[in-house]
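Engineer: Have a look at this one.
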Amino acid sequence: MRYNARMDVKQQIPLSQFSTMRLGGTAAYVLEIHDRFAIAAALAWAKERGLPVIMIGVGSNIVWRDEGFPGLLLVNKIKRFEEQQEDDENYYVTIGAGENWDEAVARTVAKGMTGIEALSLIPGTAGATPVQNVGAYGQEIAQTLVSVEAYDTQTGTLVNIPAIDCAFSYRTSRFKTADRGRFMITAVTLHLLRRNPQPPFYGAVQAYFDEHDIHDYTPQALREAVVAIRRSKLPDPATVANNGSFFANPIVDEGTLSQLTADYGTVPHWPAGEGQVKIPAAWLLEQAGFKNFHDPETGMGTWPAQPLVLVNEHAAHTAQLLAFKQQIIDTVHQKFSITLEQEPELLP
Ligand code: NAP
């Protein structure tokens, strides 16, 4: 490992340490970014050398190719937590993109704020949340997000993008689609309310409240419910290599649902806009035989309590993960004619 004296650029770093799936080749150069004003200099450094640049958080939603990345990897470590109080109820909280998301959620919950407590325990950084409009248990970041601060690589300036210009929809945004790679997110500003969350709650959350005889619906109570539900279903990426849900929940038209119901009886589904329904990808995987599935060939498996989570049991190469993923996609497609979409980003 060699260092660049001026900017502490490290060389030849295994990318597996920047992915919770713990796979991938080598990055030619890696630099931590602690300050939003350091981005321009880092990009100039890369440009001088003709290197491509990628910015990441902690890699909780990234799969790196075995070939590695021959450019400069910027690791976002920008810390910031600023609160602006408008009145007794309305708060604006600006969170640095490199802050650990769950710690930021905990801070807002400790202050009695509602808005993001159902997004507790989601791995990764705050700056990653707008990219796929992270959502869970009835909340999504688009509901509270006021603006995204980012370095615009097209104009070379820091910009503030209001939520309305983020093209948010179900688990997606402009940062993942039309403007993929253009903006380096440096902070998010959220509008949170200092009051209790209002029912109705997501089914699993209400079931937890009922089971534990909880009637005082505070942000803390909702956070604790979500943490308990997530812990019971999902592996901790600190101990088990995984990227969370590996496939998005497919949205299909009602005709497809009717056909599935004719073929398979009851199919769980929820409305997802006009003429469309959302089907749990976990159900499709279970029906296709991937519940608690362990594949000795690739070293990959599915998490016993949630088949949507692919787990690296002893895979050494991304090629093995990709082969396992394809086996699932093909089997599900053969059975249901639905093509599952991978959720984690394959880079570079
Ligand atoms: P789950 O709760 O078993 O639900 C599976 C699917 O059914 C999801 O598409 C979910 O919609 C839908 N669903 C369940 N109850 C619903 C209700 N009362 N009303 C409308 N739709 C309902 O899902 P899970 O896989 O264990 O995940 C738990 C939560 O984490 C879900 O909200 C899921 O979306 C979220 N999650 C988000 C991400 C991400 O942001 N990338 C990744 C993994 C999981 P919703 O998706 O709209 O909730």
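Ordering of the structure tokens sets the chain letters (A, B, ...), residue numbers begin anew at 1 in every chain, and ligands are numbered from 1 in the order given.
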Can you tell me, as a list in words, what residues are no more than 10 Å from Met113 of chain A when counting only C-alpha atoms, ignoring any on the same chain fewer than 6 positions away?
Structural biologist: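 The residues satisfying every condition are Glu89, Asn90, Tyr91, Val105, Ala106, Arg107, His191, Leu192, Leu193, Arg194, Arg195, Asn196, Pro197, Thr218, Pro219 and Gln220 of chain A.
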Engineer: For ligand 1, return the neighbouring residues as a PyMOL selection string (distance at most 6 Å; only C-alpha atoms and all ligand atoms).
Structural biologist: chain A and resi 134-138+171+202-203+245+249+270+278+280
Engineer: Would you export the selected residues with all heavy atoms as a compact mmCIF listing (two decimals), in the first residue's frame, please?
Structural biologist:
```txt
# COMPACT_ATOMS: atom_id res chain seq x y z
N VAL A 134 -34.96 5.32 -0.35
CA VAL A 134 -35.06 4.25 0.63
C VAL A 134 -36.39 4.34 1.38
O VAL A 134 -36.83 5.42 1.77
CB VAL A 134 -33.86 4.36 1.62
CG1 VAL A 134 -34.18 3.69 2.94
CG2 VAL A 134 -32.62 3.76 1.00
N GLY A 135 -37.01 3.18 1.55
CA GLY A 135 -38.29 3.16 2.25
C GLY A 135 -38.44 1.86 3.00
O GLY A 135 -37.85 0.85 2.63
N ALA A 136 -39.22 1.89 4.06
CA ALA A 136 -39.52 0.67 4.80
C ALA A 136 -40.61 0.95 5.82
O ALA A 136 -40.68 2.04 6.37
CB ALA A 136 -38.27 0.14 5.53
N TYR A 137 -41.44 -0.07 6.03
CA TYR A 137 -42.46 -0.03 7.08
C TYR A 137 -43.29 1.24 7.04
O TYR A 137 -43.57 1.86 8.06
CB TYR A 137 -41.81 -0.28 8.46
CG TYR A 137 -41.10 -1.61 8.45
CD1 TYR A 137 -39.71 -1.70 8.35
CD2 TYR A 137 -41.83 -2.79 8.42
CE1 TYR A 137 -39.07 -2.93 8.26
CE2 TYR A 137 -41.21 -4.02 8.33
CZ TYR A 137 -39.83 -4.09 8.25
OH TYR A 137 -39.22 -5.30 8.14
N GLY A 138 -43.65 1.63 5.81
CA GLY A 138 -44.61 2.72 5.65
C GLY A 138 -44.03 4.12 5.51
O GLY A 138 -44.76 5.06 5.27
N ARG A 171 -38.69 3.42 -4.72
CA ARG A 171 -37.29 2.95 -4.63
C ARG A 171 -36.40 3.44 -5.77
O ARG A 171 -35.48 2.75 -6.19
CB ARG A 171 -37.20 1.42 -4.55
CG ARG A 171 -38.08 0.79 -3.49
CD ARG A 171 -37.58 1.05 -2.08
NE ARG A 171 -38.46 0.41 -1.13
CZ ARG A 171 -39.45 1.03 -0.48
NH1 ARG A 171 -39.65 2.33 -0.65
NH2 ARG A 171 -40.20 0.38 0.36
N TYR A 202 -47.92 0.26 9.37
CA TYR A 202 -47.61 -0.89 8.50
C TYR A 202 -48.01 -2.17 9.26
O TYR A 202 -47.81 -2.25 10.48
CB TYR A 202 -46.11 -0.85 8.24
CG TYR A 202 -45.60 -1.65 7.06
CD1 TYR A 202 -45.63 -1.12 5.78
CD2 TYR A 202 -45.04 -2.90 7.25
CE1 TYR A 202 -45.13 -1.84 4.71
CE2 TYR A 202 -44.54 -3.62 6.19
CZ TYR A 202 -44.58 -3.09 4.91
OH TYR A 202 -44.07 -3.79 3.86
N GLY A 203 -48.55 -3.14 8.54
CA GLY A 203 -49.08 -4.35 9.18
C GLY A 203 -48.16 -4.97 10.23
O GLY A 203 -48.58 -5.23 11.36
N SER A 245 -31.91 -6.80 0.91
CA SER A 245 -32.76 -7.38 -0.15
C SER A 245 -32.01 -7.30 -1.47
O SER A 245 -31.58 -6.23 -1.87
CB SER A 245 -34.05 -6.59 -0.29
OG SER A 245 -34.79 -6.70 0.88
N ASN A 249 -39.07 -5.55 -5.16
CA ASN A 249 -40.40 -6.16 -5.25
C ASN A 249 -41.00 -5.78 -6.60
O ASN A 249 -41.16 -4.59 -6.89
CB ASN A 249 -41.29 -5.65 -4.11
CG ASN A 249 -40.81 -6.17 -2.77
OD1 ASN A 249 -40.61 -7.37 -2.60
ND2 ASN A 249 -40.60 -5.27 -1.82
N TRP A 270 -50.20 -5.98 -3.32
CA TRP A 270 -50.71 -4.70 -2.84
C TRP A 270 -50.85 -3.76 -4.03
O TRP A 270 -50.07 -3.88 -4.99
CB TRP A 270 -49.75 -4.09 -1.81
CG TRP A 270 -49.91 -4.71 -0.47
CD1 TRP A 270 -50.77 -4.32 0.51
CD2 TRP A 270 -49.19 -5.83 0.07
NE1 TRP A 270 -50.65 -5.13 1.61
CE2 TRP A 270 -49.68 -6.07 1.36
CE3 TRP A 270 -48.20 -6.67 -0.43
CZ2 TRP A 270 -49.22 -7.08 2.18
CZ3 TRP A 270 -47.73 -7.69 0.38
CH2 TRP A 270 -48.24 -7.89 1.67
N LYS A 278 -48.10 -4.71 -6.62
CA LYS A 278 -46.74 -5.03 -6.15
C LYS A 278 -46.80 -6.43 -5.55
O LYS A 278 -47.68 -6.73 -4.76
CB LYS A 278 -46.38 -4.01 -5.08
CG LYS A 278 -44.97 -3.94 -4.67
CD LYS A 278 -44.74 -2.70 -3.83
CE LYS A 278 -45.81 -2.49 -2.79
NZ LYS A 278 -45.68 -1.31 -1.98
N PRO A 280 -44.62 -9.39 -3.46
CA PRO A 280 -43.38 -9.56 -2.70
C PRO A 280 -42.40 -10.50 -3.43
O PRO A 280 -42.75 -11.65 -3.72
CB PRO A 280 -43.83 -10.19 -1.37
CG PRO A 280 -45.30 -9.99 -1.30
CD PRO A 280 -45.79 -9.88 -2.72
```
Engineer: Distance atom CA of Ile185 of chain A-atom CA of Leu74 of chain A, one decimal place?
Structural biologist: 11.7 Å
Engineer: For Ala41 of chain A, which of A:Met7, A:Ala238, A:Val53, A:Ala126 is the closest residue, counting only C-alpha atoms?
Structural biologist: A:Met7
Engineer: Need the shell around segment 204-210 of chain A: protein/DNA/RNA residues with any atom at most 9 Å away, counting only C-alpha atoms. Skip same-chain ones fewer than 5 positions apart. Format as a list of chain:residue names?
Structural biologist: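 Returned residues: A:Tyr137, A:Pro199, A:His215, A:Tyr217, A:Ala221, A:Leu222, A:Ala225, A:Val226, A:Ala228, A:Ile229.
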Engineer: Just the selected residues (N, CA and C atoms), exported as a PDB file, in the first residue's frame, please.
Structural biologist:
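Written file, again.pdb:
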```pdb
ATOM      1  N   TYR A 137     -41.436  -0.068   6.032  1.00  0.00           N
ATOM      2  CA  TYR A 137     -42.455  -0.028   7.081  1.00  0.00           C
ATOM      3  C   TYR A 137     -43.291   1.243   7.044  1.00  0.00           C
ATOM      4  N   PRO A 199     -51.222   6.594  13.369  1.00  0.00           N
ATOM      5  CA  PRO A 199     -51.708   5.384  12.699  1.00  0.00           C
ATOM      6  C   PRO A 199     -52.495   5.765  11.438  1.00  0.00           C
ATOM      7  N   HIS A 215     -49.457   1.050  23.326  1.00  0.00           N
ATOM      8  CA  HIS A 215     -50.514   1.961  22.845  1.00  0.00           C
ATOM      9  C   HIS A 215     -50.034   3.401  22.771  1.00  0.00           C
ATOM     10  N   TYR A 217     -47.841   5.518  20.989  1.00  0.00           N
ATOM     11  CA  TYR A 217     -47.110   5.421  19.722  1.00  0.00           C
ATOM     12  C   TYR A 217     -46.116   6.574  19.578  1.00  0.00           C
ATOM     13  N   ALA A 221     -41.029   4.292  20.213  1.00  0.00           N
ATOM     14  CA  ALA A 221     -41.733   2.996  20.180  1.00  0.00           C
ATOM     15  C   ALA A 221     -41.728   2.437  18.752  1.00  0.00           C
ATOM     16  N   LEU A 222     -41.930   3.315  17.768  1.00  0.00           N
ATOM     17  CA  LEU A 222     -41.936   2.859  16.372  1.00  0.00           C
ATOM     18  C   LEU A 222     -40.533   2.390  15.970  1.00  0.00           C
ATOM     19  N   ALA A 225     -39.927  -1.006  17.486  1.00  0.00           N
ATOM     20  CA  ALA A 225     -40.678  -2.057  16.779  1.00  0.00           C
ATOM     21  C   ALA A 225     -39.947  -2.444  15.495  1.00  0.00           C
ATOM     22  N   VAL A 226     -39.532  -1.430  14.729  1.00  0.00           N
ATOM     23  CA  VAL A 226     -38.860  -1.701  13.447  1.00  0.00           C
ATOM     24  C   VAL A 226     -37.526  -2.423  13.684  1.00  0.00           C
ATOM     25  N   ALA A 228     -36.765  -4.369  16.161  1.00  0.00           N
ATOM     26  CA  ALA A 228     -37.043  -5.758  16.559  1.00  0.00           C
ATOM     27  C   ALA A 228     -37.460  -6.592  15.345  1.00  0.00           C
ATOM     28  N   ILE A 229     -38.319  -6.027  14.492  1.00  0.00           N
ATOM     29  CA  ILE A 229     -38.782  -6.775  13.306  1.00  0.00           C
ATOM     30  C   ILE A 229     -37.595  -7.058  12.382  1.00  0.00           C
TER      31      ILE A 229
END
```
Engineer: Write out as JSON lines a residue-level contact list of segment 79-148 of chain A versus segment 337-347 of chain A with cut-off 12 Å: for each qualifying residue the closest pair of atoms and the distance in Å to one decimal, counting only C-alpha atoms, rows sorted by chain and residue number upward.
Structural biologist:
```
{"residue": "A:Ala128", "atom": "CA", "partner": "A:Glu345", "partner_atom": "CA", "distance": 11.8}
{"residue": "A:Val131", "atom": "CA", "partner": "A:Glu345", "partner_atom": "CA", "distance": 10.9}
{"residue": "A:Gln132", "atom": "CA", "partner": "A:Glu343", "partner_atom": "CA", "distance": 9.1}
{"residue": "A:Val134", "atom": "CA", "partner": "A:Glu343", "partner_atom": "CA", "distance": 11.3}
```
Engineer: Write the selection just made, keeping N, CA and C atoms, as a short mmCIF file (atom, residue, chain, number, x, y, z; two decimals), in the first residue's frame?
Structural biologist:
```cif
data_model
loop_
_atom_site.label_atom_id
_atom_site.label_comp_id
_atom_site.auth_asym_id
_atom_site.auth_seq_id
_atom_site.Cartn_x
_atom_site.Cartn_y
_atom_site.Cartn_z
N ALA A 128 -26.75 8.11 0.95
CA ALA A 128 -27.22 7.09 0.01
C ALA A 128 -28.74 7.01 -0.03
N VAL A 131 -30.85 8.18 -3.15
CA VAL A 131 -30.53 7.55 -4.45
C VAL A 131 -31.61 6.55 -4.85
N GLN A 132 -31.94 5.66 -3.93
CA GLN A 132 -33.01 4.70 -4.28
C GLN A 132 -34.28 5.01 -3.49
N VAL A 134 -34.96 5.32 -0.35
CA VAL A 134 -35.06 4.25 0.63
C VAL A 134 -36.39 4.34 1.38
#
```
Engineer: Mind running segment 74-174 of chain A against segment 17-31 of chain A at 12 Å and telling me each contacting residue's nearest atom pair with the distance in Å (one decimal), counting only C-alpha atoms, chain and number ascending, as a Markdown table?
Structural biologist:
```
| residue | atom | partner | partner_atom | distance |
| --- | --- | --- | --- | --- |
| A:Leu74 | CA | A:Leu31 | CA | 5.0 |
| A:Val75 | CA | A:Leu31 | CA | 6.2 |
| A:Asn76 | CA | A:Leu31 | CA | 8.8 |
| A:Lys77 | CA | A:Leu31 | CA | 10.1 |
| A:Pro123 | CA | A:Thr20 | CA | 9.4 |
| A:Gly124 | CA | A:Thr20 | CA | 9.6 |
```
Engineer: Please list as a list in words every residue within 12 Å of Glu140 of chain A, counting only C-alpha atoms and excluding residues in the same chain fewer than 2 positions away.
Structural biologist: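 What passes the distance filter is Gly115, Ile116, Glu117, Ala118, Leu119, Ser120, Ile122, Thr129, Pro130, Val131, Gln132, Asn133, Val134, Gly135, Ala136, Tyr137, Gly138, Ala142, Gln143, Thr144, Leu145, Phe168, Ser169, Tyr170, Arg171, Thr172 and Leu190 of chain A.
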Engineer: For the selection you just gave me, I'd like the residues written to a file as a tab-separated table (two decimals), in the first residue's frame, keeping N, CA, C and O atoms.
Structural biologist:
```
chain	number	residue	atom	x	y	z
A	115	GLY	N	-40.74	10.92	11.43
A	115	GLY	CA	-40.54	11.12	9.99
A	115	GLY	C	-39.63	10.07	9.38
A	115	GLY	O	-39.83	9.63	8.25
A	116	ILE	N	-38.60	9.63	10.15
A	116	ILE	CA	-37.68	8.64	9.57
A	116	ILE	C	-37.47	7.45	10.51
A	116	ILE	O	-36.64	6.59	10.22
A	117	GLU	N	-38.24	7.39	11.62
A	117	GLU	CA	-37.99	6.32	12.59
A	117	GLU	C	-38.30	4.92	12.04
A	117	GLU	O	-37.71	3.93	12.50
A	118	ALA	N	-39.21	4.84	11.03
A	118	ALA	CA	-39.49	3.52	10.44
A	118	ALA	C	-38.34	3.07	9.54
A	118	ALA	O	-38.29	1.92	9.11
A	119	LEU	N	-37.40	3.99	9.28
A	119	LEU	CA	-36.23	3.65	8.45
A	119	LEU	C	-35.04	3.28	9.34
A	119	LEU	O	-33.89	3.32	8.91
A	120	SER	N	-35.33	2.93	10.60
A	120	SER	CA	-34.29	2.53	11.54
A	120	SER	C	-33.58	1.28	11.04
A	120	SER	O	-34.19	0.42	10.40
A	122	ILE	N	-31.57	0.65	8.78
A	122	ILE	CA	-31.19	0.46	7.37
A	122	ILE	C	-29.69	0.72	7.29
A	122	ILE	O	-29.22	1.77	7.73
A	129	THR	N	-29.41	7.54	0.99
A	129	THR	CA	-30.87	7.31	1.10
A	129	THR	C	-31.69	7.90	-0.06
A	129	THR	O	-32.65	7.25	-0.48
A	130	PRO	N	-31.36	9.09	-0.59
A	130	PRO	CA	-32.20	9.59	-1.68
A	130	PRO	C	-32.00	8.81	-2.99
A	130	PRO	O	-32.90	8.80	-3.83
A	131	VAL	N	-30.85	8.18	-3.15
A	131	VAL	CA	-30.53	7.55	-4.45
A	131	VAL	C	-31.61	6.55	-4.85
A	131	VAL	O	-32.16	6.61	-5.95
A	132	GLN	N	-31.94	5.66	-3.93
A	132	GLN	CA	-33.01	4.70	-4.28
A	132	GLN	C	-34.28	5.01	-3.49
A	132	GLN	O	-35.12	4.14	-3.31
A	133	ASN	N	-34.41	6.25	-3.04
A	133	ASN	CA	-35.59	6.64	-2.26
A	133	ASN	C	-35.91	5.53	-1.25
A	133	ASN	O	-36.98	4.90	-1.28
A	134	VAL	N	-34.96	5.32	-0.35
A	134	VAL	CA	-35.06	4.25	0.63
A	134	VAL	C	-36.39	4.34	1.38
A	134	VAL	O	-36.83	5.42	1.77
A	135	GLY	N	-37.01	3.18	1.55
A	135	GLY	CA	-38.29	3.16	2.25
A	135	GLY	C	-38.44	1.86	3.00
A	135	GLY	O	-37.85	0.85	2.63
A	136	ALA	N	-39.22	1.89	4.06
A	136	ALA	CA	-39.52	0.67	4.80
A	136	ALA	C	-40.61	0.95	5.82
A	136	ALA	O	-40.68	2.04	6.37
A	137	TYR	N	-41.44	-0.07	6.03
A	137	TYR	CA	-42.46	-0.03	7.08
A	137	TYR	C	-43.29	1.24	7.04
A	137	TYR	O	-43.57	1.86	8.06
A	138	GLY	N	-43.65	1.63	5.81
A	138	GLY	CA	-44.61	2.72	5.65
A	138	GLY	C	-44.03	4.12	5.51
A	138	GLY	O	-44.76	5.06	5.27
A	142	ALA	N	-38.47	10.19	0.57
A	142	ALA	CA	-39.07	11.26	-0.23
A	142	ALA	C	-40.15	12.02	0.55
A	142	ALA	O	-40.42	13.18	0.25
A	143	GLN	N	-40.76	11.37	1.56
A	143	GLN	CA	-41.84	12.03	2.31
A	143	GLN	C	-41.32	13.15	3.22
A	143	GLN	O	-42.07	14.07	3.56
A	144	THR	N	-40.08	13.06	3.65
A	144	THR	CA	-39.55	14.06	4.58
A	144	THR	C	-38.43	14.90	3.97
A	144	THR	O	-38.05	15.92	4.53
A	145	LEU	N	-37.89	14.45	2.85
A	145	LEU	CA	-36.75	15.14	2.27
A	145	LEU	C	-37.13	16.51	1.71
A	145	LEU	O	-38.10	16.62	0.96
A	168	PHE	N	-38.43	11.41	-7.56
A	168	PHE	CA	-38.63	10.25	-6.69
A	168	PHE	C	-39.83	9.43	-7.13
A	168	PHE	O	-40.87	9.99	-7.47
A	169	SER	N	-39.67	8.11	-7.12
A	169	SER	CA	-40.84	7.21	-7.12
A	169	SER	C	-40.41	5.96	-6.37
A	169	SER	O	-39.40	6.01	-5.67
A	170	TYR	N	-41.17	4.87	-6.48
A	170	TYR	CA	-40.92	3.71	-5.63
A	170	TYR	C	-39.47	3.21	-5.77
A	170	TYR	O	-39.08	2.69	-6.80
A	171	ARG	N	-38.69	3.42	-4.72
A	171	ARG	CA	-37.29	2.95	-4.63
A	171	ARG	C	-36.40	3.44	-5.77
A	171	ARG	O	-35.48	2.75	-6.19
A	172	THR	N	-36.69	4.64	-6.27
A	172	THR	CA	-35.83	5.19	-7.31
A	172	THR	C	-35.87	6.71	-7.33
A	172	THR	O	-36.69	7.35	-6.66
A	190	LEU	N	-33.91	17.30	5.92
A	190	LEU	CA	-35.20	16.66	6.13
A	190	LEU	C	-36.11	17.56	6.95
A	190	LEU	O	-35.63	18.33	7.81
```
Engineer: Near Val332 of chain A, within 12 Å and counting only C-alpha atoms, which residues show up once chain neighbours fewer than 6 positions away are dropped, as a PyMOL selection string?
Structural biologist: chain A and resi 247+250+281-290+325-326+338-341
Engineer: Counting only C-alpha atoms, what is within 8 Å of Thr94 of chain A, bar same-chain residues fewer than 4 positions away, as a VMD selection string?
Structural biologist: chain A and resid 80 to 83 187 to 190
Engineer: Using only C-alpha atoms, pick whichever of A:Ala163, A:Asn312, A:Leu260, A:Ile54 has the shortest atom-to-atom distance to Arg180 of chain A.
Structural biologist: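 The shortest atom-to-atom distance to Arg180 of chain A comes from A:Ile54.
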